[in-house]
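Below: one structure, written as structure tokens.
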Amino acid sequence: MPSRADFAFLARLPGFGNHTGAKLREHADWPQGWLTALPPRLAASLRLWCERPTSSPLYQQVMTDLEWHSPAYGCYLLTPADPEWPAMLDTLPDPPLTLWALGRRDLLALPQLAIVGARKASQAGLAHAHGFAGELVMRGWSVASGLALGVDAAAHQGALSAAVQLSDDDYPARPSTLAVLGCGVDVVYPAQHHHLRQRLLEGGGLLLSEHPPGTGAHARHFPRRNRLITGLSHGVLVVEATLRSGSLVSARLAMEQNREVFALPGRIEDIASSGCLELIRQGATLVRNVDDMLAELDHLMPAASMRQEQPVTPRQQRHLAPRESLARGMTQELPSLAPATPPVVQESSPLCFLSAIPVALDQLVELSGCQVSELSMQLLELELEGRAVQAPGGWKRI
């Protein structure tokens, strides 16, 4: 197994991707098997690192990365060599080589459920996200989301509101909320969430990213962020989503990762509910309350809440009430959440080869000259923008 320094080097090595790292970790011995399997240019760089690391052009950058790891300040550089590495990520076809974390690292060991949805959510959608997140925390689950405007923010706020009401006697490790970012953990994005970000850190939450500190937000980062949100979670709840919402991409990623997908129903004439209704039509679990979610997870987490054996206190009993009452009680805590402005995305090369007729992925690889991993990310970006869609037979332009 490569060391933390080795993984930090591989994450910085140009041309060495997550898919390659996953395959080598599974099938090749370190380091000789890796050197044999890699193409000559990458093998030469890795050999130099293994034999004379101080001579590697990446040495100083790797040392800077390792110095950032300061547990006393809540700063962590995590790799698959660390015992705290979330094992669920290793079930992905492209797990990251490194994770940057700021806050409570032990949250990664607790059971997670993700809540995602529209940035321009209705007040009802915000209340549902807030209420579900709060009750999940009271039931022992941490809540993962993306710190975006709208549903993400409401879910983080609901989780934090519930977490402060728990005592050290309620759970061996207090659940809270985890925000996976499309930028560095030291970057405030969106700017409106400066105070929410601070509240999350002070309230026992965790910021997580596969991008090094100082990395700015960019549209291409968000599909990759979404796969981590769902990859870290046993299931994902979609609160509100249109048919072209990025939340549906997250739901599809969750299905591909063999995670449970839950959706809140809504009025059939409401465009904000159209994506959730489509997910339910495709087999997602229709959710009315938290019990509907946890019933589907019994086979995965028979003791999901990790609650210590003790009587339920009256205060905890109140929080086991139906979701509707909890949502009504927390709605007034929600601040006014402004609609998000999505990042500007430049024209991506796969769009040049798409038309109304679906084109298979392997054909797009030949036409574009891109690797499968990079092409998949570009196609996900186009899908998020509403410019392309996956259809029977391949991808087509919208």
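Residue numbers start at 1 in each chain; chains themselves are named A, B, ... in the order of the structure tokens; ligands are numbered from 1 in the order shown.
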Item to check | Which of stretch 33-260 of chain A DSSP labels strand (DSSP E or B), written as a VMD selection string | outcome: chain A and resid 70 75 to 78 99 to 103 112 to 116 142 to 145 177 to 180 206 to 209 235 to 238 260
Next on the checklist: Residues near stretch 367-382 of chain A, anyone? I mean within 12 Å using only C-alpha atoms, not counting same-chain ones fewer than 6 positions away, as a ChimeraX atom specification.
Outcome noted: /A:15-20,93-95,218-227,244-250,252-253,342-354,359-361,388-390,394-398
Checklist entry - Counting only C-alpha atoms, what is within 10 Å of A:Gly146, bar same-chain residues fewer than 4 positions away, as a ChimeraX atom specification? => result /A:114-117,151-153,155-156,178-182,207-208,222,225-226,228-229
Next on the checklist: Need the shell around A:Thr215: protein/DNA/RNA residues with any atom at most 9 Å away, counting only C-alpha atoms. Skip same-chain ones fewer than 4 positions apart. Format as a ChimeraX atom specification?
Outcome noted: /A:182-187,211
Next on the checklist: Using DSSP assignments from the backbone, pull out every residue in stretch 185-265 of chain A that falls under helix (DSSP H, G or I) and give it to me as a PyMOL selection string.
Outcome noted: chain A and resi 191-202+221-231+246-256
Item to check | Counting only C-alpha atoms, the option among A:Pro175, A:Pro392, A:Phe262, A:Ala8 closest to A:Gly134 | outcome: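 Closest residue, counting only C-alpha atoms: A:Pro175.
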Next on the checklist: Rounded to one decimal, what separation in Å do you get between atom CA of A:Leu126 and atom CA of A:Met138?
Outcome noted: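 Calculated distance between atom CA of A:Leu126 and atom CA of A:Met138 is 18.5 Å.
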Item to check | Surrounding residues of A:Thr285 excluding itself and chain neighbours under 3 positions, 8 Å, only C-alpha atoms, as a PyMOL selection string | outcome: chain A and resi 261-263+280+293
Next on the checklist: Using only C-alpha atoms, can you tell me which of A:Asp6, A:Asp170, A:Glu296, A:Glu240 comes closest to A:Ala272?
Outcome noted: A:Glu240
Next on the checklist: When you look at A:Trp34 with a cut-off of 8 Å (counting only C-alpha atoms), what residues show up, excluding the ones that are within fewer than 6 positions of it in the same chain? I need them as a VMD selection string.
Outcome noted: chain A and resid 24 28 43
Dump as a tab-separated table the rows for residues of stretch 41-130 of chain A within 9 Å of stretch 230-235 of chain A: closest atom pair and distance in Å with one decimal, only C-alpha atoms counted, ordered by chain and rising residue number.
```
residue	atom	partner	partner_atom	distance
A:Pro86	CA	A:Leu232	CA	7.3
A:Ala87	CA	A:Leu232	CA	8.6
A:Met88	CA	A:Leu232	CA	5.9
A:Leu89	CA	A:Gly231	CA	5.6
A:Asp90	CA	A:Gly231	CA	8.8
A:Thr91	CA	A:Gly231	CA	8.0
A:Leu92	CA	A:Gly231	CA	6.9
A:Pro95	CA	A:Gly231	CA	8.9
A:Leu108	CA	A:Leu232	CA	8.1
A:Pro111	CA	A:Ser233	CA	7.2
A:Gln112	CA	A:Ser233	CA	4.7
A:Leu113	CA	A:Ser233	CA	4.9
A:Ala114	CA	A:Ser233	CA	5.9
A:Ile115	CA	A:Gly235	CA	8.7
```
Those residues with N, CA and C atoms, as a PDB file, in the first residue's frame please?
```
ATOM      1  N   PRO A  86     -12.659   6.918   4.549  1.00  0.00           N
ATOM      2  CA  PRO A  86     -14.003   6.329   4.447  1.00  0.00           C
ATOM      3  C   PRO A  86     -14.031   5.176   3.441  1.00  0.00           C
ATOM      4  N   ALA A  87     -14.224   3.981   3.950  1.00  0.00           N
ATOM      5  CA  ALA A  87     -14.145   2.790   3.103  1.00  0.00           C
ATOM      6  C   ALA A  87     -15.214   2.771   2.020  1.00  0.00           C
ATOM      7  N   MET A  88     -16.345   3.443   2.244  1.00  0.00           N
ATOM      8  CA  MET A  88     -17.410   3.430   1.243  1.00  0.00           C
ATOM      9  C   MET A  88     -16.954   4.029  -0.074  1.00  0.00           C
ATOM     10  N   LEU A  89     -15.998   4.957  -0.028  1.00  0.00           N
ATOM     11  CA  LEU A  89     -15.513   5.557  -1.274  1.00  0.00           C
ATOM     12  C   LEU A  89     -14.777   4.543  -2.143  1.00  0.00           C
ATOM     13  N   ASP A  90     -14.230   3.522  -1.542  1.00  0.00           N
ATOM     14  CA  ASP A  90     -13.481   2.538  -2.319  1.00  0.00           C
ATOM     15  C   ASP A  90     -14.386   1.639  -3.146  1.00  0.00           C
ATOM     16  N   THR A  91     -15.699   1.761  -2.978  1.00  0.00           N
ATOM     17  CA  THR A  91     -16.625   1.023  -3.850  1.00  0.00           C
ATOM     18  C   THR A  91     -16.884   1.781  -5.150  1.00  0.00           C
ATOM     19  N   LEU A  92     -16.398   3.031  -5.253  1.00  0.00           N
ATOM     20  CA  LEU A  92     -16.581   3.815  -6.472  1.00  0.00           C
ATOM     21  C   LEU A  92     -15.559   3.404  -7.524  1.00  0.00           C
ATOM     22  N   PRO A  95     -12.489   6.455  -6.957  1.00  0.00           N
ATOM     23  CA  PRO A  95     -12.330   7.118  -5.659  1.00  0.00           C
ATOM     24  C   PRO A  95     -11.167   8.097  -5.704  1.00  0.00           C
ATOM     25  N   LEU A 108     -16.620  11.066   9.515  1.00  0.00           N
ATOM     26  CA  LEU A 108     -16.489  10.137   8.394  1.00  0.00           C
ATOM     27  C   LEU A 108     -16.758   8.694   8.806  1.00  0.00           C
ATOM     28  N   PRO A 111     -22.616   6.818  10.203  1.00  0.00           N
ATOM     29  CA  PRO A 111     -23.494   6.580   9.046  1.00  0.00           C
ATOM     30  C   PRO A 111     -24.025   7.894   8.492  1.00  0.00           C
ATOM     31  N   GLN A 112     -24.013   8.017   7.167  1.00  0.00           N
ATOM     32  CA  GLN A 112     -24.413   9.259   6.497  1.00  0.00           C
ATOM     33  C   GLN A 112     -25.613   9.006   5.588  1.00  0.00           C
ATOM     34  N   LEU A 113     -26.457  10.025   5.499  1.00  0.00           N
ATOM     35  CA  LEU A 113     -27.482  10.084   4.471  1.00  0.00           C
ATOM     36  C   LEU A 113     -27.381  11.447   3.811  1.00  0.00           C
ATOM     37  N   ALA A 114     -27.536  11.485   2.492  1.00  0.00           N
ATOM     38  CA  ALA A 114     -27.408  12.742   1.753  1.00  0.00           C
ATOM     39  C   ALA A 114     -28.780  13.347   1.500  1.00  0.00           C
ATOM     40  N   ILE A 115     -28.835  14.668   1.530  1.00  0.00           N
ATOM     41  CA  ILE A 115     -30.045  15.408   1.154  1.00  0.00           C
ATOM     42  C   ILE A 115     -29.644  16.421   0.091  1.00  0.00           C
TER      43      ILE A 115
END
```
Checklist entry - Could you name the residues that touch A:Gly203 at 10 Å or less, counting only C-alpha atoms, but leaving out those on the same chain fewer than 5 positions away, as a PyMOL selection string? => result chain A and resi 103-104+159-161+163-164+176-177+197-198
Checklist entry - Do you have the atom CA of A:Ser209-atom CA of A:Ser56 distance handy? => result 25.6 Å
